Every structure is written in structure tokens, then in C-alpha cells.
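Each remark here refers to the structure printed beneath this line.
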Amino acid sequence: MNNSIKHWVKLISITASAQVIVQALGFVCGILIIRLLPIEEYALYILANTMLGTMTVLGNAGIDQGVMSEGGKVWQDKNKLGAVLITGLNLRRKFAICSLMLTTPILLYLLIGNGASWLTSIMISLSLIPSFYASLSDGLLQVVPKLNQNIKSLQKNQVTVSIGRITLLFLTLFVFPFAVITILANGAPRVYGNIKLRKIAKEHANLEQVQDPEVQKNILKIVKRILPGSIYYAISGQLVIWLVSIFGDTESIAKLGALSRLTMLITFVVIMIDYVLVPRFSKLKNNRHVLIKEYFTIQVVLLVVSFIILCGTFVFSDYILFVLGDNYVGLNNELFLMAVNGCVLLFSISTNKLMSSRGIVLSPVFFIIFMIIIQFTFVFLVDLKSLDGIIIYSILTTIPIYLIRIIYFLIQIRKS
């Protein structure tokens, strides 16, 4: 028992210490971008990053979850684990090409609609390619060391990427305060980190394997259930930005993007769960009492963390907004609402990751119909012309997602 406690204390300490560095560097990068980019350029940067998120969701389509689920069954066998990873990478490549073809025209339309020239819009779209390329395999390559709990190598790689990012931003933004330069400075270190990730994965998996038809079949079963939801999320997951683009203006987009940067602590918690708890949850034996106990223990931890985040945001809101600069002073109410929204997302995302790691996926037809009804209903109940109204809309439409996931998770666990 003592050895087990020491192991988890060491694992959490390594992950937490590295993530403190990564998130701190990320926070500094975010503040640099907010302060140095003109508000119009920052709005274009937010639109491009939002579309990058959409592209990544469509390119993933549940393949990460499928690889984690299949990898959890054979994680001790280097050859079989390698076959799982190669199969996932081949599938991801096909989905990524389709994603790129679908989303690029939409990005061009949004950029031009918000004041960018054709040349600027094309340059911004092309500048996303390095980040998108890295995102094609980042999540999959990380599955292997996560399952083998080689967290130290992963954290070292993330710190290196973060240092490279902040270095490039310092070298470029003061002279070239443009969205396209900022996006390239973000993407180049990720490509380098992706190369290092492949070397880390080779320590635990034989990447010379060919794809396994049976594994592909099992992954596609999960993908088929997740893909409709991914398509839905590609739209609804960025709905807040779309709504601001429609009902607001360029300044509102910039303000929403700036406030979103202050939810870094929530990202830190999600990463901790993804690195430490999700792989462990994936490897648990199919014992419903153990699974339910483990799940609700994680929920209690999230509740405590959320309480701390909300209290800190409420007390220190003036100081937090001061860091952002003069363009964002006075957004205390919007800042607190953004923190609430982040905490609600924290619960929902964590639940989804835990479910997916066990191959438990909500029926996409039911889920999409349910959420369309919820979102359509709140369109008429919330003032979407104000920034705080749009954030409230996001909160109210996220809570039902979390609740329905809990119910389905418990039903499936009890059946098993």
C-alpha cells in the first residue's frame, strides 16, 4: 500500500510540476499575444484558432478514444500496441484530409466577413497547416506513453514545445504584430514536439507494424458512434464564437478570446486528468463497484477544484483584468461567468474522457437531437446580443450534456 501511494504521489508530482511550467508559459504567451496584437488582428487570430479546433475535432472523430480503448487491452505487448497505433494513424490521416477540405472555405468566409483581405485570409489559412499537421498525430502518439505511465518524457516534451513557442513569440511579435506570424510561431514548435513524441512512442510500441484489420474494425465501431457527435461538436463546440461573429462585432470576438485565455487553470486540470486518471480508468477491471467509486471520487475532486477557481476569480477579478490590458478593464461580470462556464466544461469533458476510455459512447442520434432541442430553446430565452448573455447561453447548454453523460455512464456500468 505504501509503495502504491508513493507511486501515485510521484506520478502526480511530476505531472503537476511540469504542467505548472507549461501552463505558466502558455499564460505568458497568451498575455503577450493579447497585449501586442491590435484588437482587429487578435480577433482574426481567435477566429483562426477556433477553426483549428473545429478542424482537429473533425480530424479526430473519436479515433483517439478508439486507440486508447484498444491500446488499454494490449498495452504490455509492444507489437500489438504498435499495430493499434499505426492503425489509428492511418485512419487519422484520411479523416484529416477531409476535415481540411471542409473547413478551409468556411474559415476564409469568416475572416473576410470580419474585415480581412483575401491575401490576409489565405495567408492565415496556410499558416494553420503546421499546427494542424502536428495535431493529426499528437493525441495518438501520446496514448502509448500514457498507457505505460511514461509521464516524465511527455511532460519534458511539452515543456520544450512551450519554451520554443514563447521564444518565437518574443522574437517576432514585437516587430511583426500580425495574426499570421502569431499562428506560425505557435505551430512550428508543435511540429518539433510531434517528432519527439514519435521517438517516445517507439520506446513502448513497435511502429514497424502494419495496420490490423480487426483493430481498425473495433476503432471504427467507436468512430461511427462518435463521428456524428464530432460533426455536431465541430459546430456547437465553437458556437459561442459563431454567435459573437453573428450578433456581435470584431471587438466582442477579441474580448471573448481574451477572457478565454484566463481559463488556463481549467486546462491544467483537464490535462492532469487526461495524463494520470484516464489511462488508469481505462485499465481498471470490469467491476461496476470499482468503476462507480473511481468515477465519483474524480467528481468530488473536480467539485473542490471548481470551488477554488470560482472563489479566486471573484476575489481577484480586478487584478486578473489588469493583466489583460486597458482594452479589457471592467469585464468583471463576464470574467466570472467565463470561469463558471469553464468549470461546467471541466465536468463535461472529464466525464466524456472517462467514458470513452471504456468504450462507452452515447447514441449520437439521441444526443444530437437532445442538444439541438436544448440549444434551440435557449436561443429564445437568453439575450445573445450581449457578451455576458452569450456566455450564459454556453453555460446553460453545457449543463445538460454533463447530466445526460452521467446518466448514460451509470446505466452502462450497471449493465456490465
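We name chains A, B, ... following the order of the C-alpha cells; residues begin at 1 in each chain, and ligands are numbered from 1 as shown.
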Practice task
From a DSSP pass on the backbone, collect the residues of stretch 43-272 of chain A flagged as alpha helix (DSSP H) and hand them back as a PyMOL selection string.
Solution key: chain A and resi 43-60+63-74+78-113+118-127+129-147+151-172+179-202+213-236+239-247+250-260+264-272
Problem - Within 10 Å of A:Arg198 using only C-alpha atoms, minus same-chain residues under 5 positions, as a ChimeraX atom specification - result: /A:137-138,140-142,144,193,203,205,207
Please produce a file of the residues just selected, as a tab-separated table (two decimals), in the first residue's frame, where the atoms kept are C-alpha atoms.
```tsv
chain	number	residue	atom	x	y	z
A	137	SER	CA	-0.83	12.55	-34.53
A	138	ASP	CA	-0.17	14.31	-31.18
A	140	LEU	CA	-2.49	9.28	-30.85
A	141	LEU	CA	1.24	9.24	-30.12
A	142	GLN	CA	0.57	10.29	-26.53
A	144	VAL	CA	1.35	4.90	-25.87
A	193	GLY	CA	7.33	18.25	-30.43
A	203	GLU	CA	10.18	3.06	-26.56
A	205	ALA	CA	5.49	0.22	-29.18
A	207	LEU	CA	5.99	1.26	-35.02
```
Problem - Counting only C-alpha atoms, the option among A:Ile86, A:Ile124, A:Ala339, A:Leu32 closest to A:Asp388 - result: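 When distances to A:Asp388 are compared using only C-alpha atoms, the smallest one comes from A:Ala339.
Considering the residues A:Leu44, A:Ser131, A:Glu214, A:Thr267 and counting only C-alpha atoms, A:Gly113 has its shortest atom-to-atom contact with A:Leu44.
Closest approach to A:Val301 among A:Ile368, A:Ile395, A:Met272, A:Val315 is made by A:Met272 (distances from only C-alpha atoms).
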Handout entry: Who sits within 10 Å of A:Phe174, only C-alpha atoms, same chain under 4 positions skipped, as a PyMOL selection string
Key = chain A and resi 32-33+36-37+169-170+178
Contact residues around A:Ile411 with only C-alpha atoms at 12 Å, ignoring same-chain residues under 6 positions, as an mmCIF file with C-alpha atoms, in the first residue's frame:
```cif
data_model
loop_
_atom_site.group_PDB
_atom_site.id
_atom_site.type_symbol
_atom_site.label_atom_id
_atom_site.label_comp_id
_atom_site.auth_asym_id
_atom_site.auth_seq_id
_atom_site.Cartn_x
_atom_site.Cartn_y
_atom_site.Cartn_z
ATOM 1 C CA ARG A 288 -19.009 -1.901 -11.650
ATOM 2 C CA ILE A 292 -18.503 3.806 -9.988
ATOM 3 C CA MET A 355 -16.492 7.163 -20.659
ATOM 4 C CA ILE A 360 -18.803 3.877 -23.640
ATOM 5 C CA VAL A 361 -20.281 6.333 -26.127
ATOM 6 C CA LEU A 362 -23.711 7.953 -26.143
ATOM 7 C CA ILE A 404 -27.002 13.114 -19.738
ATOM 8 C CA ARG A 405 -23.472 11.678 -19.817
#
```
Practice task
Work out how far atom CA of A:Asp274 is from atom CA of A:Gly139, in Å to one decimal.
Solution key: 10.7 Å
Handout entry: Selected residue, from A:Ser99, A:Ser121, A:Ser386, A:Asn186, that lies nearest to A:Ser230 when counting only C-alpha atoms
Key = A:Ser99
Practice task
Figure out the distance between atom CA of A:Ile271 and atom CA of A:Glu41, please, to one decimal in Å.
Solution key: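 Separating atom CA of A:Glu41 from atom CA of A:Ile271 is a distance of 29.0 Å.
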Exercise for the section: Kindly give the distance, in Å, that separates atom CA of A:Arg165 and atom CA of A:Ile309, rounded to a single decimal. Expected result: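 Between these atoms lies a distance of 26.5 Å.
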Handout entry: Distance query stretch 70-82 of chain A at most 7 Å, only C-alpha atoms, self and fewer than 6 positions along chain excluded, as a ChimeraX atom specification
Key = /A:147,204-207,209,282-283
